[in-house]
Each structure stands twice: as C-alpha cells, then as structure tokens.
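Worksheet: the structure to be examined is printed underneath.
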Amino acid sequence: MNNSASEYWKANLRLVSILLVIWFVVSYLFGIILVDVLNTIRIGGVGLGFWFAQQGSIFTFLILILVYTVRMNALDRKFNVHEDRED
Amino acid sequence: MSLQMWIYIFVIGTFLLYIGIAIWARASTTGEFYVAGKGVNPIANGMATAADWMSAASFISMAGLIAFSGYDASVYLMGWTGGYVLLAMLLAPYLRKFGKFTVPEFIGDRYYSKTARIVAVICLIVASLTYVIGQMKGVGVAFGRFLEVDFETGVLIGMAIVFFYAVLGGMKGITYTQIAQYCVLILAYTIPAIFISLNLTGNALPQIGLGSELVDKSGFLLDRLDQVVTDLGFAKYTEQKGTTLNMVLLTLSLMIGTAGLPHVIIRFFTVPRVRDARASAGWALFFIAILYTTAPAVGSMARFNLTNTIQTGAVGDPQANLRYSEAPSWFKNWEKTGLLKFEDKNGDGRIQYYNDKNEAFAEKAKGFGWNGNEMVKVDRDIMVLANPEIANLPFWVIALVAAGGLAAALSTAAGLLLAISSSISHDLLKGVFVQDISEKKELMAGRIAMAGAIVVAGYLGMNPPGFAAQVVALAFGLAASSIFPALMMGIFYKKMNNTGAILGMLTGLSSTLIYIFVYKGWFFIPGTNNLPNTADNWILGIQPESFGAVGALINFIVAFAVCKVTAAPPEHIQHLVEDIRVPKGAGVAVSH
C-alpha cells in the first residue's frame, strides 16, 4: 500500500470509529443501559430513554449513514481514489 | 361493495402487477440473473432492499410484539435497523468493489480456499432456508384469512407467483417486483396507522402521536396506556422486564445478524458503483425506518384500543366489561381463525381480560367475581391485520392491509430463494464441481435450483418441522456468528488467513448451534434439550436468542489465535484486500 492509500485507509477508519461510537451511544447506552436515568427527562409524553429506544436511535442511524456517505465520497476525491465512471 | 370484493381487487390486482413486471424484466445473462446486471439505481435498490428485508415478521408480527412487550420490544426496533449502519460502513462498499456475484464467492476467494466457500454455502443455505419457511407460512396464513382458501392452497398460490417472477426474472425481475411490493406494503402499513393516530391523538403522524396527548384530554397516550394495563394487573408498558445484559446482547446479535444475512448483502452487489453501495444502504434504512418508526405507535395504540374495547370503564364495575353478545365483528371474525379465544369462566356473559398470573391482582379480581382471564388466547400476530377493523376503517383499507402482508412475505421469500439458488448454481456447481460450465448452462442451473428451492420451501412451509417459531434465533444466530465475522476480518484484517477464518467460522457456528440446541432441543425436537430453557440455567443468564453475539466473539478470538500461529496469507491475497479498500477501478477486472 503506498502512502496516500494508507492515509486514505486511516482517514476512513477514523471516520467509521467516530460514527460507530455514536451508534453505540444512542442505542446501547441511551436506549438500554441508561434508559431509566434518561426516562426522568420527558419530551412530550415519552421518556427520553424510551424515545431513544423506539424512535431516536433509528433516526440517528439514518443520519450516521448519511454523514458517512457524504464524508467518504469527499475522501475518495481528496485522495483521488474515486471511481472512473464518476459522472 | 363488500369487503371480500375489495380484497379480491387488491390482491389479484397486485399479483397481476408483479407478473407484468416479471415479463418486462426477464433475465438473459447470469449477471442479470444473480445481480440484475449491476445496473440498479441506488434509490431503487434501497427500496428493493427494504422490501427484501421487511418480511412477514416485520409487517405482521413486530407491532404485535411491541403491543404486548412494550419497551422490551425495542431490541427488535434497534436490532433490525442498526445492522444497516454496520452494513453501510463495514461491508457493502467493499463487497461491491470486490465485484462478484455471491457471499460465499467472496469468502472463497479472500481465504483462497474451496473449503471456506463450502462452509459459507452451508451457513447461507441453513440460514436462508429456515428463514424462508416462516415466509411461506406467513403467505399461507394471510391467504387463509383473506381469500378464504385453506392454508395449503394459500401456500401453493404463493409458490406459483414467486415461481413465475423469480425463476423468469432472477435478481432483475425480483428487484423491480420488490420496488412495487415496497410501495404496496408501506401504504398498507402507514395508512391505517395515520387513521388510528388521528382518531386517538389528533396527530396525523404516528411518530408524533406516540408522544401526544389523547384527544379526550385524559393524558398522554403512553401514560394512559401504562395506567390501563397496570389496572388490569399487567406489567407497565414503558418499563423494562428483561435483564439489561440480554437486551444488549440480543440487540447486538440482531444487528450483526442483519449485516451478515446473505440475501441482504447480495442486494448491494446490484448497484453500479461503490459510492452507490454506500448511498443505497442509507436509502434502504430510510425506507425501512418509515415502517419501523411507525410500528411503536401502531403497537401502543393497538394495545390501548384492544384493552379499552374489552374493559370499557372502571375496573371492578360489573357493567364495565364488554358483553360477549355485543362484541364487534372483528372479534368474531378472528375467533373463527382460532387466533383469538374467549372462554366465559365465570358465566356472566361478559369478557374479563386481565393478568391472572399476577397473584396479588388475581386475588383482587376474585373480589369482583372474576374467575380467571377469559381472553384465553390473543395471538399477537393478529394485531396489525385486525387493527383497521378494530378502528372501524373503510373496507378498502382492510383490503390494502391484506395485499401489504402478502407483498411483505412474497418479496422476502423471493430474495431468500435467490440467495439459495445462486449459492447452489454459482458457488457449488460452477465454483467447485463443474468449473467449465457454460454461461447458458449456468443460467439454466440457476433457474432449476430456484425452482427446486421454491418446492422445498413450499413443502416445509406446509409441514413446518416444529421449529418455525425458533427460526429467527437460528437464522440470525448463524449469520451473526459465522458470516459477519468472516466478511469483516476479510476486509479489515489483511493478515487473516484461510485456517484462521475457517476455524473461526466453524467454532462460532457450532458454539451458537450447541447453545441453542442445549436449551431448545437438538434440531428443535421437543424433549431432547439437555437443560430446561429457563433463566437460572442459562450461562451468565444469557438467553439462547441472544447468543449470536457471543458466537461472533468466539469466532473472532479463535480466528485471531489460529492466524497468529499459522502461515500468513499469500502476497496476492493481501493485494486483493488492499484493492477492495479503494473504490477506484470498480467494475473492471482486478489486475496486479
């Protein structure tokens, strides 16, 4: 792997690690482990922990994939590894 | 127009649509048959993936599961969506870059081993076949209720429809049919939910309705629901009942199982470019999330409506229990199917629906002259199908739900059957046994394998081997413990070798199978379990359904340990891994 390719791979791993930490926090931490603590806060008629478990985590997952797609496409161009049939 | 008329129009109309699409999208090459010629637009592929993924279980069973287990059912909501994050970031773009047709093909090439490929084929066939049995059963049940034919006839009709468009069109036909099926199923799911949410909370968006006040100003929906069910001795809806460890592990098993299920993964082989594979996973989750964020509202509102229909006023007031003779027509309709059963235990002609397993409450209930819970059976699978009737919605909505349930079951069955047939014709036949097979013959073999798989699935659907209900645990356990780790290490750990991967897959797979069989019976044969399936017998309190995540961990550990003491993979394999990590050059032959 030449230098630029390994830089690209490192940047990719960094991005994925950050996003997966958020993935873990909203579902496992907010939705399950800390659910009772968060349920003391309420939005409308739902406890926050319950909301994360049944709605919020799914919305967050969507945003995570969106951010990943946009950031990766930008990284592809920055390191000039994007596909030839681009346009 | 009668309800039955509406149902015929919707069901037959959608079937004609699927068949029309199949004729239009015939496959003529193996590329089209396996991966739709890699020419599917990412949004269209996302929609097809969503239909592929959302099975009869998502459409029919999930909201019922939520209705009766409340907060604890969150594991399914998070588990069956969070897997797409893993797919998008860890697998889909790289497997698309690899640019072949099947999951075992990647495993065989990456681990330079036919044994690895065959192990992957076995995992794939077991996981997919068990899964497809449930779909065929779902088709039979839905037809039985809505077309008023018997269960076997229902399965046969379903087989004929799938046969037509899957055998003819392969992945290409399946993809375009699935897009139509997605539209049918999502309309069928959301329209009744909107009506019901409007009725109860005045909010048209069910996602908002879930957190809203009721229109009668008696309080928030979930607070009132908690109160209504606890008044009858049931556990609080929003409260946790299972252990935190099991909830975490089950969520994790479902997530990595989702990311490891072959019929989902192959959908990402069908898009033109690597960046499309990333986007497509996002679109798939978007289309899935529309249903998955609606389901909690459907579940809670259905439970609320059901409870209030039977317990019409203060608990203990003899007038407040619904008189059986005045039960609404949906009640009688579902009683006929045997999925709902009433038994007048105290002979007062009224229905008492409460939790008689709760001893304190059962004592109190005796004081009211109640003699045990009289709703002796409320099958949770009827909740979604009965919901529009419970809410008194127009006939065409009920008919639409029937068509939606069938679309969900058929689209998933087709995707699974394709995964099975391609692994037989492409991995076993062309990959291992008859390597010089011509493309035309391979295409024919694919079609024959598909037809064979349909017959086997239909047969097993009609004669479920007693473990149909355990299918989910098994299919997800296998995918999580064997396929996902092998794929992930293949991409993210360049030095992983063939021996490590194969032993990892085998130990992950067998530890999960053994753990499930020890508690649920060997091959699910009743009475052959070594230990009773109860919490105090489970290792560290881990239930068999949650074990897939542990199996995956065992897979990783064994693979790394073995890899350290055996020879590193050859140079060209390490180059292959470097190559799939960059998008450049996708679609063209890999050259070094």
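Chain lettering (A, B, ...) mirrors the order of the structure tokens, residue numbering begins at 1 for each chain separately, and ligand numbering begins at 1 in order of display.
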Would you kindly report the residues of chain B within 8 Å of chain A, using only C-alpha atoms, as a compact mmCIF listing (two decimals) with N, CA and C atoms, in the first residue's frame?
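Result written to out02.txt:
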```txt
# COMPACT_ATOMS: atom_id res chain seq x y z
N TYR B 71 -41.74 -1.71 26.09
CA TYR B 71 -40.37 -1.24 25.97
C TYR B 71 -39.40 -2.35 25.56
N SER B 74 -38.09 -2.95 22.08
CA SER B 74 -37.16 -2.01 21.46
C SER B 74 -35.96 -2.73 20.86
N VAL B 75 -35.60 -3.89 21.42
CA VAL B 75 -34.44 -4.62 20.88
C VAL B 75 -34.65 -4.95 19.41
N LEU B 77 -36.60 -3.22 17.28
CA LEU B 77 -36.57 -1.96 16.52
C LEU B 77 -35.13 -1.52 16.27
N MET B 78 -34.31 -1.54 17.33
CA MET B 78 -32.92 -1.11 17.17
C MET B 78 -32.10 -2.17 16.44
N THR B 81 -32.57 -2.35 12.63
CA THR B 81 -32.21 -1.17 11.85
C THR B 81 -30.72 -0.85 12.00
N GLY B 82 -30.20 -1.05 13.22
CA GLY B 82 -28.79 -0.71 13.49
C GLY B 82 -27.82 -1.52 12.65
N VAL B 85 -26.26 0.24 9.68
CA VAL B 85 -25.10 1.10 9.89
C VAL B 85 -23.84 0.26 9.67
N ALA B 88 -23.47 -0.56 5.91
CA ALA B 88 -23.04 0.58 5.09
C ALA B 88 -21.57 0.88 5.29
N MET B 89 -21.09 0.75 6.55
CA MET B 89 -19.73 1.21 6.84
C MET B 89 -18.70 0.09 6.80
N GLN B 207 -45.58 8.84 14.42
CA GLN B 207 -44.35 9.03 15.20
C GLN B 207 -44.54 10.11 16.27
N LEU B 210 -47.35 9.03 19.07
CA LEU B 210 -46.83 8.20 20.16
C LEU B 210 -46.56 9.02 21.41
N GLY B 211 -46.07 10.26 21.22
CA GLY B 211 -45.74 11.09 22.38
C GLY B 211 -46.79 12.15 22.69
N SER B 212 -48.01 11.97 22.11
CA SER B 212 -49.00 13.04 22.23
C SER B 212 -50.05 12.76 23.29
N GLU B 213 -50.81 13.83 23.56
CA GLU B 213 -51.94 13.70 24.45
C GLU B 213 -53.11 13.08 23.70
N PHE B 220 -51.39 11.82 28.40
CA PHE B 220 -50.59 11.36 27.28
C PHE B 220 -50.88 9.89 26.99
N LEU B 221 -50.78 9.52 25.71
CA LEU B 221 -51.08 8.15 25.29
C LEU B 221 -50.35 7.11 26.13
N LEU B 222 -49.01 7.25 26.25
CA LEU B 222 -48.24 6.21 26.93
C LEU B 222 -48.53 6.18 28.43
N ASP B 223 -48.80 7.36 29.03
CA ASP B 223 -49.15 7.38 30.46
C ASP B 223 -50.48 6.67 30.69
N THR B 238 -44.16 0.85 29.52
CA THR B 238 -42.89 1.52 29.22
C THR B 238 -41.73 1.02 30.08
N THR B 244 -30.84 -6.30 31.54
CA THR B 244 -30.11 -5.39 30.67
C THR B 244 -29.12 -6.16 29.80
N MET B 247 -30.86 -7.75 26.89
CA MET B 247 -31.31 -6.75 25.91
C MET B 247 -30.13 -6.28 25.06
N VAL B 248 -28.98 -6.03 25.71
CA VAL B 248 -27.80 -5.59 24.96
C VAL B 248 -27.36 -6.67 23.98
N ARG B 273 -21.93 1.41 -8.77
CA ARG B 273 -20.64 1.88 -8.27
C ARG B 273 -20.51 1.70 -6.76
N VAL B 274 -19.28 1.79 -6.25
CA VAL B 274 -19.04 1.66 -4.81
C VAL B 274 -19.80 2.73 -4.03
N ARG B 275 -19.73 3.97 -4.54
CA ARG B 275 -20.43 5.03 -3.82
C ARG B 275 -21.94 4.80 -3.81
N ARG B 278 -22.80 2.61 -0.80
CA ARG B 278 -22.93 3.37 0.45
C ARG B 278 -24.29 4.06 0.50
N ALA B 279 -24.59 4.79 -0.56
CA ALA B 279 -25.84 5.54 -0.58
C ALA B 279 -27.04 4.60 -0.48
N ALA B 281 -27.36 1.77 1.04
CA ALA B 281 -27.63 1.32 2.40
C ALA B 281 -28.40 2.40 3.16
N GLY B 282 -28.05 3.66 2.92
CA GLY B 282 -28.78 4.76 3.54
C GLY B 282 -30.22 4.81 3.08
N LEU B 285 -32.22 1.99 4.63
CA LEU B 285 -32.62 2.26 6.01
C LEU B 285 -33.71 3.33 6.06
N PHE B 286 -33.64 4.30 5.16
CA PHE B 286 -34.68 5.33 5.11
C PHE B 286 -36.05 4.68 4.87
N ALA B 289 -37.02 2.65 7.84
CA ALA B 289 -37.34 3.46 9.02
C ALA B 289 -38.77 3.99 8.97
N THR B 293 -40.38 3.22 12.45
CA THR B 293 -40.72 4.26 13.42
C THR B 293 -42.23 4.38 13.57
N PRO B 296 -43.91 1.40 16.59
CA PRO B 296 -44.16 1.63 18.03
C PRO B 296 -45.51 2.30 18.28
N GLU B 578 -6.08 -4.92 -0.26
CA GLU B 578 -5.78 -3.50 -0.48
C GLU B 578 -6.63 -2.94 -1.61
N ARG B 581 -10.24 -2.07 -0.76
CA ARG B 581 -10.39 -0.94 0.16
C ARG B 581 -10.52 0.40 -0.54
N VAL B 582 -10.15 0.47 -1.80
CA VAL B 582 -10.31 1.74 -2.52
C VAL B 582 -11.34 1.58 -3.63
N PRO B 583 -12.22 2.56 -3.80
CA PRO B 583 -13.28 2.45 -4.80
C PRO B 583 -12.75 2.42 -6.23
N LYS B 584 -11.64 3.08 -6.49
CA LYS B 584 -11.15 3.23 -7.86
C LYS B 584 -11.04 1.88 -8.56
N GLY B 585 -11.55 1.85 -9.79
CA GLY B 585 -11.40 0.64 -10.58
C GLY B 585 -12.52 -0.37 -10.39
N ALA B 586 -13.59 0.02 -9.71
CA ALA B 586 -14.70 -0.91 -9.52
C ALA B 586 -15.31 -1.28 -10.85
```
**Q.** Straight-line distance linking atom CA of Gly158 of chain B with atom CA of Arg267 of chain B, stated in Å to one decimal
**A.**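 Rounded to one decimal, the two atoms are 22.3 Å apart.
Here atom CA of Asn355 of chain B is placed at a distance of 5.1 Å from atom CA of Gly233 of chain B.
Rounded to one decimal, atom CA of Asn45 of chain B and atom CA of Lys172 of chain B lie 10.8 Å from each other.
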Within 10 Å of segment 328-340 of chain B, counting only C-alpha atoms, which residues qualify if same-chain residues fewer than 5 places away don't, as number ranges by chain? B: 141, 144-145, 309, 322, 375-382, 385-392
